[in-house]
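Asks: Dropping in run.cif, with mmCIF, C-alpha atoms.
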data_model
#
loop_
_atom_site.label_atom_id
_atom_site.label_comp_id
_atom_site.auth_asym_id
_atom_site.auth_seq_id
_atom_site.Cartn_x
_atom_site.Cartn_y
_atom_site.Cartn_z
CA MET Y 1 5.38 -32.73 16.08
CA ASP Y 2 4.18 -36.31 15.46
CA SER Y 3 7.36 -37.82 16.94
CA SER Y 4 7.58 -35.27 19.77
CA PRO Y 5 6.90 -36.38 23.38
CA LEU Y 6 4.58 -33.38 23.57
CA ASN Y 7 2.23 -35.11 21.16
CA ARG Y 8 1.82 -38.04 23.56
CA LEU Y 9 0.49 -35.89 26.38
CA PRO Y 10 -3.23 -36.00 27.16
CA GLN Y 11 -5.05 -32.98 25.78
CA GLU Y 12 -6.03 -31.82 29.29
CA THR Y 13 -2.37 -31.79 30.32
CA LEU Y 14 -1.42 -29.90 27.17
CA HIS Y 15 -4.12 -27.34 27.92
CA GLN Y 16 -2.88 -26.85 31.48
CA ILE Y 17 0.65 -26.22 30.21
CA PHE Y 18 -0.24 -23.70 27.55
CA CYS Y 19 -2.92 -21.85 29.52
CA HIS Y 20 -0.16 -20.30 31.66
CA LEU Y 21 1.36 -18.58 28.62
CA PRO Y 22 0.41 -15.04 27.61
CA LEU Y 23 -2.17 -14.88 24.84
CA ARG Y 24 0.37 -13.53 22.32
CA GLN Y 25 2.61 -16.58 22.89
CA ILE Y 26 -0.35 -18.90 22.48
CA ALA Y 27 -1.19 -17.22 19.17
CA ALA Y 28 2.40 -17.73 18.03
CA SER Y 29 2.36 -21.39 19.16
CA LYS Y 30 -0.67 -22.10 16.98
CA CYS Y 31 1.47 -21.37 13.92
CA VAL Y 32 3.98 -24.15 14.75
CA CYS Y 33 2.03 -27.11 13.38
CA LYS Y 34 -1.48 -28.43 12.73
CA SER Y 35 -1.56 -30.50 15.93
CA LEU Y 36 -0.88 -27.51 18.16
CA LYS Y 37 -3.28 -25.37 16.19
CA SER Y 38 -6.04 -27.93 16.73
CA ALA Y 39 -5.27 -28.41 20.42
CA LEU Y 40 -5.08 -24.67 21.15
CA SER Y 41 -8.26 -23.90 19.20
CA SER Y 42 -10.51 -26.43 20.93
CA PRO Y 43 -13.59 -25.09 22.80
CA SER Y 44 -12.37 -26.56 26.10
CA PHE Y 45 -9.03 -24.72 25.87
CA LEU Y 46 -10.67 -21.44 24.83
CA HIS Y 47 -13.04 -21.70 27.78
CA LEU Y 48 -10.08 -22.23 30.10
CA LEU Y 49 -8.28 -19.18 28.68
CA ARG Y 50 -11.20 -16.79 29.04
CA THR Y 51 -10.81 -16.77 32.81
CA GLN Y 52 -7.27 -15.40 32.76
CA SER Y 53 -6.34 -13.88 29.38
CA GLN Y 54 -6.04 -10.17 28.60
CA PRO Y 55 -6.65 -8.54 25.17
CA ILE Y 56 -3.60 -7.94 22.95
CA PRO Y 57 -3.34 -4.53 21.24
CA LEU Y 58 -2.07 -5.21 17.71
CA LEU Y 59 -1.50 -3.40 14.42
CA SER Y 60 -2.98 -5.43 11.57
CA LEU Y 61 -2.29 -5.19 7.85
CA LYS Y 62 -4.84 -4.98 5.06
CA PRO Y 63 -3.98 -7.30 2.17
CA SER Y 64 -3.85 -5.92 -1.35
CA HIS Y 65 -7.04 -6.45 -3.37
CA ARG Y 66 -4.84 -7.99 -6.05
CA HIS Y 67 -3.44 -10.53 -3.59
CA VAL Y 68 -5.63 -13.65 -3.37
CA THR Y 69 -4.40 -16.69 -1.49
CA PRO Y 70 -5.96 -20.13 -0.86
CA HIS Y 71 -4.88 -19.80 2.79
CA PRO Y 72 -6.18 -16.39 3.94
CA THR Y 73 -4.24 -15.02 6.90
CA LEU Y 74 -4.38 -11.90 9.03
CA TYR Y 75 -0.91 -10.55 9.76
CA ALA Y 76 -0.61 -8.40 12.88
CA PHE Y 77 2.31 -6.78 14.64
CA ASP Y 78 2.57 -6.99 18.41
CA PRO Y 79 4.51 -3.90 19.60
CA THR Y 80 4.96 -5.32 23.10
CA SER Y 81 6.78 -8.47 22.00
CA ASP Y 82 8.13 -6.85 18.80
CA GLN Y 83 7.01 -9.74 16.60
CA TRP Y 84 4.55 -10.50 13.83
CA LEU Y 85 1.64 -12.84 14.53
CA ARG Y 86 -0.48 -14.83 12.07
CA PHE Y 87 -4.18 -15.54 12.48
CA SER Y 88 -5.66 -18.06 10.08
CA LEU Y 89 -8.94 -17.07 8.41
CA SER Y 90 -9.46 -20.44 6.73
CA PHE Y 91 -12.54 -21.09 8.88
CA LEU Y 92 -14.46 -18.50 6.83
CA PRO Y 93 -16.30 -20.11 3.86
CA PHE Y 94 -15.50 -17.50 1.22
CA SER Y 95 -13.21 -17.43 -1.78
CA THR Y 96 -11.79 -13.94 -1.21
CA LEU Y 97 -11.38 -12.13 2.10
CA HIS Y 98 -10.14 -8.60 2.74
CA PRO Y 99 -9.83 -7.48 6.39
CA ILE Y 100 -10.63 -3.79 6.64
CA THR Y 101 -11.20 -2.75 10.26
CA SER Y 102 -11.92 -3.96 13.78
CA SER Y 103 -13.78 -2.96 16.89
CA ASN Y 104 -14.05 -4.40 20.39
CA GLY Y 105 -12.00 -7.49 19.53
CA LEU Y 106 -13.95 -8.32 16.37
CA LEU Y 107 -12.57 -8.30 12.83
CA TYR Y 108 -14.56 -6.94 9.87
CA LEU Y 109 -13.86 -8.21 6.34
CA TRP Y 110 -15.21 -7.79 2.84
CA ALA Y 111 -16.00 -11.23 1.45
CA SER Y 112 -16.99 -12.29 -2.03
CA ASN Y 113 -20.55 -13.50 -2.37
CA GLN Y 114 -19.53 -16.95 -3.55
CA ASN Y 115 -19.90 -20.54 -2.53
CA PRO Y 116 -17.27 -22.07 -0.24
CA ARG Y 117 -13.76 -22.09 -1.67
CA ASN Y 118 -13.94 -25.68 -2.92
CA SER Y 119 -17.22 -25.11 -4.78
CA ALA Y 120 -17.84 -23.66 -8.20
CA PRO Y 121 -17.79 -19.84 -8.23
CA VAL Y 122 -20.93 -17.84 -8.79
CA HIS Y 123 -21.61 -14.33 -10.01
CA ASN Y 124 -19.39 -11.89 -8.08
CA SER Y 125 -21.45 -8.68 -8.26
CA GLN Y 126 -22.30 -8.82 -4.57
CA LYS Y 127 -20.14 -8.36 -1.50
CA ALA Y 128 -20.84 -9.12 2.11
CA LEU Y 129 -19.41 -7.78 5.33
CA VAL Y 130 -18.26 -10.57 7.62
CA VAL Y 131 -17.72 -10.11 11.35
CA CYS Y 132 -15.51 -12.65 13.10
CA ASN Y 133 -13.26 -13.38 16.02
CA PRO Y 134 -10.15 -15.06 14.54
CA LEU Y 135 -9.17 -16.41 17.97
CA THR Y 136 -12.39 -18.37 18.48
CA ALA Y 137 -13.33 -18.93 14.78
CA GLN Y 138 -16.82 -17.52 15.38
CA PHE Y 139 -18.35 -15.42 12.60
CA LYS Y 140 -21.53 -14.06 11.09
CA THR Y 141 -22.32 -12.54 7.70
CA LEU Y 142 -24.10 -9.23 7.41
CA PRO Y 143 -26.62 -8.62 4.59
CA GLN Y 144 -25.13 -8.52 1.11
CA LEU Y 145 -24.20 -5.27 -0.61
CA GLY Y 146 -23.27 -4.26 -4.13
CA SER Y 147 -19.57 -4.42 -4.95
CA ALA Y 148 -19.48 -0.61 -5.36
CA TRP Y 149 -19.81 -0.22 -1.60
CA SER Y 150 -16.68 -2.29 -1.02
CA ARG Y 151 -14.73 -0.32 -3.65
CA HIS Y 152 -15.73 3.19 -2.59
CA GLY Y 153 -17.05 2.94 0.97
CA SER Y 154 -15.21 3.40 4.27
CA VAL Y 155 -16.35 0.89 6.89
CA LEU Y 156 -16.69 2.17 10.45
CA ALA Y 157 -17.46 -0.28 13.26
CA GLY Y 158 -18.48 0.59 16.79
CA SER Y 159 -20.35 -0.68 19.80
CA PRO Y 160 -22.78 -2.22 20.24
CA SER Y 161 -22.74 -3.98 16.87
CA VAL Y 162 -23.00 -0.75 14.92
CA VAL Y 163 -21.57 -0.67 11.38
CA LEU Y 164 -21.54 2.21 8.90
CA VAL Y 165 -20.39 2.26 5.28
CA LEU Y 166 -19.63 5.86 4.37
CA THR Y 167 -19.26 7.37 0.88
CA GLU Y 168 -19.43 10.88 -0.50
CA LEU Y 169 -23.09 10.55 -1.50
CA ALA Y 170 -24.65 7.99 0.81
CA ILE Y 171 -24.32 6.12 4.09
CA LEU Y 172 -25.40 2.62 5.04
CA TYR Y 173 -26.16 1.90 8.67
CA HIS Y 174 -26.52 -1.52 10.29
CA SER Y 175 -27.14 -2.52 13.88
CA GLY Y 176 -27.16 -6.08 15.15
CA ILE Y 177 -29.05 -5.02 18.26
CA ASN Y 178 -32.11 -3.28 16.84
CA ASN Y 179 -34.19 -5.45 14.57
CA ILE Y 180 -35.08 -2.76 12.07
CA ASN Y 181 -36.94 -5.22 9.84
CA ASN Y 182 -39.68 -5.63 12.43
CA ASN Y 183 -40.45 -1.92 12.57
CA PRO Y 184 -42.58 -0.69 9.65
CA LYS Y 185 -41.57 2.91 10.35
CA ASP Y 186 -37.90 2.07 9.93
CA ARG Y 187 -38.53 0.40 6.58
CA THR Y 188 -39.78 3.68 5.15
CA PHE Y 189 -36.36 5.26 5.55
CA THR Y 190 -34.74 3.31 2.73
CA THR Y 191 -35.44 3.55 -0.96
CA ASN Y 192 -33.87 0.22 -1.91
CA PRO Y 193 -36.23 -2.74 -1.23
CA THR Y 194 -33.26 -5.07 -0.81
CA LEU Y 195 -31.87 -2.92 2.00
CA GLN Y 196 -35.30 -2.62 3.60
CA ASN Y 197 -35.57 -6.38 3.99
CA ASN Y 198 -32.03 -6.94 5.22
CA ASN Y 199 -31.63 -4.62 8.18
CA TRP Y 200 -29.67 -1.83 6.45
CA LEU Y 201 -30.61 1.84 6.51
CA LYS Y 202 -29.56 3.98 3.57
CA PHE Y 203 -29.60 7.77 3.53
CA SER Y 204 -27.79 10.77 2.14
CA SER Y 205 -24.39 11.64 3.60
CA ASN Y 206 -24.70 15.36 2.79
CA LEU Y 207 -20.95 15.90 2.65
CA PRO Y 208 -19.35 18.55 0.38
CA SER Y 209 -16.69 16.13 -0.91
CA LYS Y 210 -15.33 12.62 -0.42
CA PRO Y 211 -14.76 11.88 3.28
CA ARG Y 212 -11.13 11.18 4.14
CA SER Y 213 -10.02 8.96 7.03
CA PRO Y 214 -13.40 8.98 8.82
CA VAL Y 215 -13.40 7.64 12.38
CA LEU Y 216 -16.22 6.47 14.63
CA ILE Y 217 -15.81 7.69 18.21
CA SER Y 218 -18.47 6.80 20.75
CA ASP Y 219 -21.75 7.97 19.15
CA PHE Y 220 -20.44 10.32 16.47
CA VAL Y 221 -18.42 10.29 13.25
CA LEU Y 222 -15.51 12.57 12.42
CA ALA Y 223 -14.35 13.04 8.82
CA LEU Y 224 -12.07 15.34 6.82
CA CYS Y 225 -13.22 16.87 3.54
CA ASP Y 226 -11.30 18.90 0.98
CA VAL Y 227 -13.55 21.83 0.07
CA GLY Y 228 -10.88 23.75 -1.85
CA SER Y 229 -10.20 24.08 -5.55
CA PRO Y 230 -8.30 21.78 -7.92
CA TRP Y 231 -5.30 24.06 -7.44
CA ARG Y 232 -5.32 24.48 -3.67
CA SER Y 233 -6.60 22.16 -0.95
CA GLN Y 234 -8.72 23.48 1.89
CA TRP Y 235 -9.35 20.87 4.54
CA VAL Y 236 -12.30 20.97 6.94
CA MET Y 237 -13.28 18.62 9.75
CA PHE Y 238 -16.95 17.60 10.10
CA LYS Y 239 -18.77 15.87 12.92
CA ALA Y 240 -22.14 14.06 12.96
CA LYS Y 241 -24.15 12.20 15.58
CA ILE Y 242 -25.33 8.67 14.80
CA LYS Y 243 -27.69 8.16 17.73
CA ASN Y 244 -30.79 9.57 16.08
CA MET Y 245 -30.95 7.33 13.05
CA GLU Y 246 -34.63 8.06 12.49
CA GLU Y 247 -33.54 11.08 10.44
CA LYS Y 248 -33.07 10.49 6.74
CA ALA Y 249 -29.72 12.28 6.52
CA MET Y 250 -26.64 12.88 8.60
CA ARG Y 251 -26.45 16.34 10.15
CA TRP Y 252 -22.82 17.36 9.82
CA VAL Y 253 -21.38 20.18 11.91
CA ARG Y 254 -18.12 21.90 11.04
CA VAL Y 255 -15.50 21.41 13.76
CA GLU Y 256 -13.28 24.46 13.96
CA LYS Y 257 -11.55 26.76 16.37
CA ARG Y 258 -9.52 29.55 14.87
CA GLU Y 259 -6.00 29.67 16.26
CA ARG Y 260 -4.13 32.90 16.82
CA GLY Y 261 -1.87 32.20 13.83
CA GLY Y 262 -4.65 30.99 11.54
CA ASP Y 263 -6.26 27.65 10.66
CA ILE Y 264 -4.45 24.54 11.90
CA PHE Y 265 -4.93 22.98 8.45
CA ASP Y 266 -2.76 25.71 6.93
CA ILE Y 267 0.39 24.04 8.28
CA LEU Y 268 -0.47 20.43 7.37
CA LYS Y 269 -0.27 18.68 4.02
CA ARG Y 270 -2.64 15.75 3.34
CA PRO Y 271 -4.00 15.51 6.91
CA ARG Y 272 -5.51 12.24 8.12
CA LEU Y 273 -7.43 11.28 11.27
CA VAL Y 274 -6.48 8.40 13.60
CA LYS Y 275 -8.46 7.28 16.65
CA SER Y 276 -6.71 7.72 19.99
CA GLY Y 277 -7.01 5.69 23.18
CA ASP Y 278 -9.16 8.45 24.69
CA GLU Y 279 -12.69 8.95 23.37
CA ARG Y 280 -12.40 12.65 24.17
CA LYS Y 281 -9.49 13.09 21.77
CA VAL Y 282 -8.41 12.26 18.23
CA TYR Y 283 -5.09 12.39 16.37
CA MET Y 284 -4.53 14.25 13.12
CA VAL Y 285 -1.43 13.36 11.10
CA GLY Y 286 0.08 15.18 8.15
CA GLY Y 287 3.18 16.66 6.60
CA LEU Y 288 4.44 19.79 8.36
CA LYS Y 289 4.75 22.55 5.75
CA SER Y 290 7.86 24.72 5.74
CA SER Y 291 5.80 27.79 4.75
CA TYR Y 292 2.34 28.91 3.67
CA ALA Y 293 3.31 28.83 -0.02
CA LEU Y 294 1.12 26.83 -2.39
CA GLN Y 295 3.76 24.21 -3.23
CA SER Y 296 5.55 24.35 0.09
CA ALA Y 297 7.81 21.40 0.90
CA CYS Y 298 7.38 19.47 4.15
CA THR Y 299 10.05 19.35 6.83
CA THR Y 300 8.70 16.31 8.72
CA ILE Y 301 5.50 14.44 9.65
CA LEU Y 302 3.52 15.92 12.52
CA ILE Y 303 1.07 14.22 14.88
CA LEU Y 304 -1.44 16.56 16.53
CA ARG Y 305 -3.90 15.71 19.29
CA LEU Y 306 -7.32 17.39 19.36
CA ASP Y 307 -9.38 17.69 22.53
CA LEU Y 308 -12.93 17.21 21.25
CA GLU Y 309 -14.44 19.08 24.18
CA SER Y 310 -12.30 22.24 24.24
CA LEU Y 311 -11.22 21.98 20.55
CA ASP Y 312 -7.65 22.71 21.62
CA TRP Y 313 -4.77 21.29 19.57
CA GLU Y 314 -1.46 20.10 20.96
CA GLU Y 315 1.57 18.50 19.37
CA ALA Y 316 1.77 14.80 20.21
CA GLY Y 317 4.75 13.78 18.09
CA ARG Y 318 7.13 14.83 15.35
CA MET Y 319 8.96 12.29 13.18
CA PRO Y 320 12.75 12.45 13.68
CA VAL Y 321 14.66 13.99 10.78
CA ASP Y 322 16.71 10.84 10.06
CA MET Y 323 13.54 8.76 9.88
CA TYR Y 324 11.69 11.31 7.76
CA LYS Y 325 14.46 11.26 5.14
CA CYS Y 326 13.31 7.74 4.19
CA PHE Y 327 9.82 9.07 3.49
CA VAL Y 328 10.98 12.09 1.48
CA GLU Y 329 12.31 9.77 -1.21
CA SER Y 330 8.92 8.08 -1.55
CA SER Y 331 6.20 9.69 -3.60
CA LYS Y 332 3.45 8.31 -1.38
CA PHE Y 333 2.96 7.06 2.17
CA LYS Y 334 0.10 5.70 4.27
CA VAL Y 335 -0.95 6.28 7.88
CA PHE Y 336 -2.89 3.90 10.12
CA GLY Y 337 -3.17 2.96 13.76
CA GLY Y 338 -5.29 3.48 16.83
CA GLY Y 339 -5.09 3.70 20.58
CA ASN Y 340 -1.72 5.20 21.39
CA ARG Y 341 0.07 4.03 18.24
CA VAL Y 342 0.39 5.50 14.74
CA CYS Y 343 2.11 3.58 11.95
CA PHE Y 344 3.58 4.87 8.66
CA SER Y 345 4.45 3.01 5.46
CA ALA Y 346 5.94 4.17 2.18
CA LYS Y 347 6.67 2.72 -1.25
CA ARG Y 348 9.84 0.68 -1.56
CA LEU Y 349 10.73 1.31 2.09
CA GLY Y 350 10.43 -2.31 3.27
CA LYS Y 351 9.68 -1.39 6.89
CA LEU Y 352 7.21 0.58 8.98
CA ALA Y 353 7.76 3.64 11.16
CA LEU Y 354 5.95 3.39 14.49
CA TRP Y 355 5.07 6.18 16.92
CA GLU Y 356 4.00 4.95 20.33
CA ALA Y 357 2.83 7.06 23.27
CA ASN Y 358 2.84 5.95 26.89
CA GLY Y 359 0.50 6.77 29.71
CA GLU Y 360 -3.29 6.89 29.92
CA GLY Y 361 -4.81 8.32 26.76
CA GLY Y 362 -1.37 8.57 25.15
CA GLY Y 363 -0.50 11.69 27.10
CA GLY Y 364 2.87 10.41 28.35
CA ALA Y 365 6.28 10.24 26.74
CA ALA Y 366 6.39 8.91 23.18
CA GLU Y 367 9.01 7.13 21.11
CA TRP Y 368 9.69 6.43 17.44
CA ARG Y 369 11.08 3.17 16.10
CA TRP Y 370 11.26 1.01 12.98
CA VAL Y 371 9.21 -2.15 12.52
CA GLN Y 372 11.14 -4.73 10.50
CA GLY Y 373 10.10 -7.97 8.80
CA VAL Y 374 6.87 -6.71 7.23
CA PRO Y 375 5.16 -9.79 5.68
CA GLY Y 376 3.86 -9.95 2.13
CA GLY Y 377 5.18 -8.59 -1.13
CA GLY Y 378 4.05 -5.65 -3.20
CA ASP Y 379 5.47 -2.15 -3.29
CA GLY Y 380 5.75 -1.83 0.49
CA LEU Y 381 2.85 0.63 0.77
CA CYS Y 382 0.98 -1.01 3.66
CA ARG Y 383 -2.48 -0.13 4.87
CA GLY Y 384 -3.82 -1.32 8.18
CA PHE Y 385 -5.82 -0.81 11.35
CA ALA Y 386 -5.65 -1.38 15.09
CA PHE Y 387 -6.92 -4.77 16.28
CA GLU Y 388 -7.35 -5.72 19.94
CA ALA Y 389 -7.29 -9.51 19.91
CA SER Y 390 -9.55 -10.93 22.61
CA LEU Y 391 -11.14 -14.25 23.46
CA ASP Y 392 -14.11 -12.52 25.10
CA ALA Y 393 -15.28 -10.79 21.92
CA VAL Y 394 -18.55 -12.47 20.93
CA VAL Y 395 -19.98 -12.24 17.43
#
Show this structure as structure tokens.
Replies:
Amino acid sequence: MDSSPLNRLPQETLHQIFCHLPLRQIAASKCVCKSLKSALSSPSFLHLLRTQSQPIPLLSLKPSHRHVTPHPTLYAFDPTSDQWLRFSLSFLPFSTLHPITSSNGLLYLWASNQNPRNSAPVHNSQKALVVCNPLTAQFKTLPQLGSAWSRHGSVLAGSPSVVLVLTELAILYHSGINNINNNPKDRTFTTNPTLQNNNWLKFSSNLPSKPRSPVLISDFVLALCDVGSPWRSQWVMFKAKIKNMEEKAMRWVRVEKRERGGDIFDILKRPRLVKSGDERKVYMVGGLKSSYALQSACTTILILRLDLESLDWEEAGRMPVDMYKCFVESSKFKVFGGGNRVCFSAKRLGKLALWEANGEGGGGAAEWRWVQGVPGGGDGLCRGFAFEASLDAVV
């Protein structure tokens, strides 16, 4: 761009030109060269954009824990423009970064507890959760945690500034709004002095087994647990409020409504939960069994929608047979998404299957399509999360 006439324009003129573009095109333009990235990341340009930009609903990928790069990048797919976007994470002063989830336009990452990338490494037994907005390069680091939490914990982020790390045995709770450290009563709720001094609450999770695909919806957590035997799975959905954190343990309630033909879990293999665009509903995704037999084969992948008030189930989507054939050949597949979109990946497939519903709350017509050009290497088994990129999200 050095020899381009565009480079000779005053920065104010450049800002006025690019501010009329949609936010997704601006994000793509920042990947062209360093000069454009600098010009389109300046505080004056970001301030100009905040008055007219709209959030972009994206599907972001989680990098493999074995994949470490000197130029950390968040890859996200924009279903509206049908293209992949790149968000640089080089502004974060950590040697390893692993994006894991997002909420309200903010990105949450596990970061190694080390000096900046150009400094000598230190002992890596600690991990920290980092919250950032990759569009504005603002970030903050939450109190450090042991590396076991990053290996075994599921991170759930909500509003306002609520973060939970959920495992089978314990839960960590953090809120950026309430200064728990200044309340002596709150400090008595934790048994770890380090957590007491760093604004984390730790208490028992009281779950019968490891929580699968937990989701945070409004002021409660939903999770699936397998309470069956080693020979036969028996899935149960549990629900717990997070408002009353003065209690030392989560009070889980079993969510169930017996259908006329039996339990809804009897027809699904390896069910998983996905947040919907409606806080009154949640998606459950799994393989549709051909029979009630113990080793029953699946005929397709089914997406169900649960009304959390009436506890009524309805079918939201069913993967087309031609598309499902690609997943039958794979021994393992992953599900992720949010809003009105659910994404599927499988080993050695090289592309993603995307289900997208229209209308408010995803209640309208839905369509299935392939997502090509998945970045990164590996075995093709992608994990991810929904990310609503926004300039207004403040850390």
Asks: What residues come out when you apply the PyMOL selection byres ((chain Y and resi 342-359) around 9) to this file, written as a JSON list (two decimals) with C-alpha atoms, in the coordinates of the input?
Replies:
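selection.json, written as the output of this step:
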[["chain", "number", "residue", "atom", "x", "y", "z"],
["Y", 59, "LEU", "CA", -1.50, -3.40, 14.42],
["Y", 79, "PRO", "CA", 4.51, -3.90, 19.60],
["Y", 274, "VAL", "CA", -6.48, 8.40, 13.60],
["Y", 283, "TYR", "CA", -5.09, 12.39, 16.37],
["Y", 285, "VAL", "CA", -1.43, 13.36, 11.10],
["Y", 303, "ILE", "CA", 1.07, 14.22, 14.88],
["Y", 316, "ALA", "CA", 1.77, 14.80, 20.21],
["Y", 317, "GLY", "CA", 4.75, 13.78, 18.09],
["Y", 319, "MET", "CA", 8.96, 12.29, 13.18],
["Y", 323, "MET", "CA", 13.54, 8.76, 9.88],
["Y", 326, "CYS", "CA", 13.31, 7.74, 4.19],
["Y", 327, "PHE", "CA", 9.82, 9.07, 3.49],
["Y", 330, "SER", "CA", 8.92, 8.08, -1.55],
["Y", 331, "SER", "CA", 6.20, 9.69, -3.60],
["Y", 332, "LYS", "CA", 3.45, 8.31, -1.38],
["Y", 333, "PHE", "CA", 2.96, 7.06, 2.17],
["Y", 334, "LYS", "CA", 0.10, 5.70, 4.27],
["Y", 335, "VAL", "CA", -0.95, 6.28, 7.88],
["Y", 336, "PHE", "CA", -2.89, 3.90, 10.12],
["Y", 337, "GLY", "CA", -3.17, 2.96, 13.76],
["Y", 338, "GLY", "CA", -5.29, 3.48, 16.83],
["Y", 339, "GLY", "CA", -5.09, 3.70, 20.58],
["Y", 340, "ASN", "CA", -1.72, 5.20, 21.39],
["Y", 341, "ARG", "CA", 0.07, 4.03, 18.24],
["Y", 360, "GLU", "CA", -3.29, 6.89, 29.92],
["Y", 361, "GLY", "CA", -4.81, 8.32, 26.76],
["Y", 362, "GLY", "CA", -1.37, 8.57, 25.15],
["Y", 363, "GLY", "CA", -0.50, 11.69, 27.10],
["Y", 364, "GLY", "CA", 2.87, 10.41, 28.35],
["Y", 365, "ALA", "CA", 6.28, 10.24, 26.74],
["Y", 366, "ALA", "CA", 6.39, 8.91, 23.18],
["Y", 367, "GLU", "CA", 9.01, 7.13, 21.11],
["Y", 368, "TRP", "CA", 9.69, 6.43, 17.44],
["Y", 369, "ARG", "CA", 11.08, 3.17, 16.10],
["Y", 370, "TRP", "CA", 11.26, 1.01, 12.98],
["Y", 371, "VAL", "CA", 9.21, -2.15, 12.52],
["Y", 372, "GLN", "CA", 11.14, -4.73, 10.50],
["Y", 373, "GLY", "CA", 10.10, -7.97, 8.80],
["Y", 374, "VAL", "CA", 6.87, -6.71, 7.23],
["Y", 378, "GLY", "CA", 4.05, -5.65, -3.20],
["Y", 379, "ASP", "CA", 5.47, -2.15, -3.29],
["Y", 380, "GLY", "CA", 5.75, -1.83, 0.49],
["Y", 381, "LEU", "CA", 2.85, 0.63, 0.77],
["Y", 382, "CYS", "CA", 0.98, -1.01, 3.66],
["Y", 383, "ARG", "CA", -2.48, -0.13, 4.87],
["Y", 384, "GLY", "CA", -3.82, -1.32, 8.18]]
Asks: So the first atom is CA of Glu314 in chain Y and the second is CA of Thr101 in chain Y; what is the distance between them in Å, to one decimal place?
Replies: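 Distance reported for this atom pair: 27.0 Å.
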Asks: With distances taken over only C-alpha atoms, which residue among Y:Ile267, Y:Cys132, Y:Leu74, Y:Leu311 lies nearest Val395 in chain Y?
Replies: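 Result for the nearest residue to Val395 in chain Y: Y:Cys132.
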Asks: With a distance cut-off of 12 Å and all atoms listed in the file, select the neighbouring residues of Ile17 in chain Y, excluding the residue or stretch itself and same-chain residues fewer than 2 positions from it, and output the selection as a ChimeraX atom specification.
Replies: /Y:6,9-15,19-22,26,39-40,45,48-49
Asks: List the spatial neighbours of Ser60 in chain Y as a PDB file with C-alpha atoms, in the coordinates of the input - criterion: any atom at most 7 Å away, all atoms listed in the file, same-chain residues fewer than 6 positions off excluded.
Replies:
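For reference, part_8.pdb as written:
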ATOM      1  CA  TYR Y  75      -0.910 -10.550   9.760  1.00  0.00           C
ATOM      2  CA  ALA Y  76      -0.610  -8.400  12.880  1.00  0.00           C
ATOM      3  CA  PHE Y  77       2.310  -6.780  14.640  1.00  0.00           C
ATOM      4  CA  GLY Y 384      -3.820  -1.320   8.180  1.00  0.00           C
ATOM      5  CA  PHE Y 385      -5.820  -0.810  11.350  1.00  0.00           C
ATOM      6  CA  ALA Y 386      -5.650  -1.380  15.090  1.00  0.00           C
ATOM      7  CA  PHE Y 387      -6.920  -4.770  16.280  1.00  0.00           C
TER       8      PHE Y 387
END
Asks: CA of Gly153 in chain Y to CA of Leu166 in chain Y: how many Å, to one decimal?
Replies: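 Between these atoms lies a distance of 5.2 Å.
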Asks: Apply the PyMOL selection byres ((chain Y and resi 232) around 12) to the displayed file and report the matching residues as a PyMOL selection string.
Replies: chain Y and resi 226-231+233-235+266+269-270+292-296
Asks: Please, could you write that set of residues out with C-alpha atoms as a CSV table (one decimal), keeping the file's coordinate frame?
Replies:
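After the write, result13.csv holds the following:
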chain,number,residue,atom,x,y,z
Y,226,ASP,CA,-11.3,18.9,1.0
Y,227,VAL,CA,-13.6,21.8,0.1
Y,228,GLY,CA,-10.9,23.8,-1.8
Y,229,SER,CA,-10.2,24.1,-5.6
Y,230,PRO,CA,-8.3,21.8,-7.9
Y,231,TRP,CA,-5.3,24.1,-7.4
Y,233,SER,CA,-6.6,22.2,-1.0
Y,234,GLN,CA,-8.7,23.5,1.9
Y,235,TRP,CA,-9.4,20.9,4.5
Y,266,ASP,CA,-2.8,25.7,6.9
Y,269,LYS,CA,-0.3,18.7,4.0
Y,270,ARG,CA,-2.6,15.8,3.3
Y,292,TYR,CA,2.3,28.9,3.7
Y,293,ALA,CA,3.3,28.8,0.0
Y,294,LEU,CA,1.1,26.8,-2.4
Y,295,GLN,CA,3.8,24.2,-3.2
Y,296,SER,CA,5.6,24.4,0.1
Asks: What does the distance from CA of Gly105 in chain Y to CA of Gln144 in chain Y come to in Å, to one decimal?
Replies: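 Going from CA of Gly105 in chain Y over to CA of Gln144 in chain Y covers 22.6 Å.
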Asks: The PyMOL selection byres ((chain Y and resi 158) around 12) - which residues does that actually catch in the file I just gave you? List them as a PyMOL selection string.
Replies: chain Y and resi 101-108+155-157+159-165+173-176+215-221+242-243
Asks: Ranking Y:Ala128, Y:Val282, Y:Cys31, Y:Val253 by minimum distance to Asp312 in chain Y and counting only C-alpha atoms, which one comes first?
Replies: Y:Val282
Asks: Around the point (8.4, 13.8, 13.0) (coordinates from the file), which residues reach within 6 Å if we count only C-alpha atoms? Answer as a list in words.
Replies: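 The residues near that point, listed by chain and number, are Thr300, Ile301, Leu302, Arg318, Met319 and Pro320 of chain Y.
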Asks: Dump C-alpha atoms for the selected residues as a PDB file, keeping the file's coordinate frame?
Replies:
ATOM      1  CA  THR Y 300       8.700  16.310   8.720  1.00  0.00           C
ATOM      2  CA  ILE Y 301       5.500  14.440   9.650  1.00  0.00           C
ATOM      3  CA  LEU Y 302       3.520  15.920  12.520  1.00  0.00           C
ATOM      4  CA  ARG Y 318       7.130  14.830  15.350  1.00  0.00           C
ATOM      5  CA  MET Y 319       8.960  12.290  13.180  1.00  0.00           C
ATOM      6  CA  PRO Y 320      12.750  12.450  13.680  1.00  0.00           C
TER       7      PRO Y 320
END
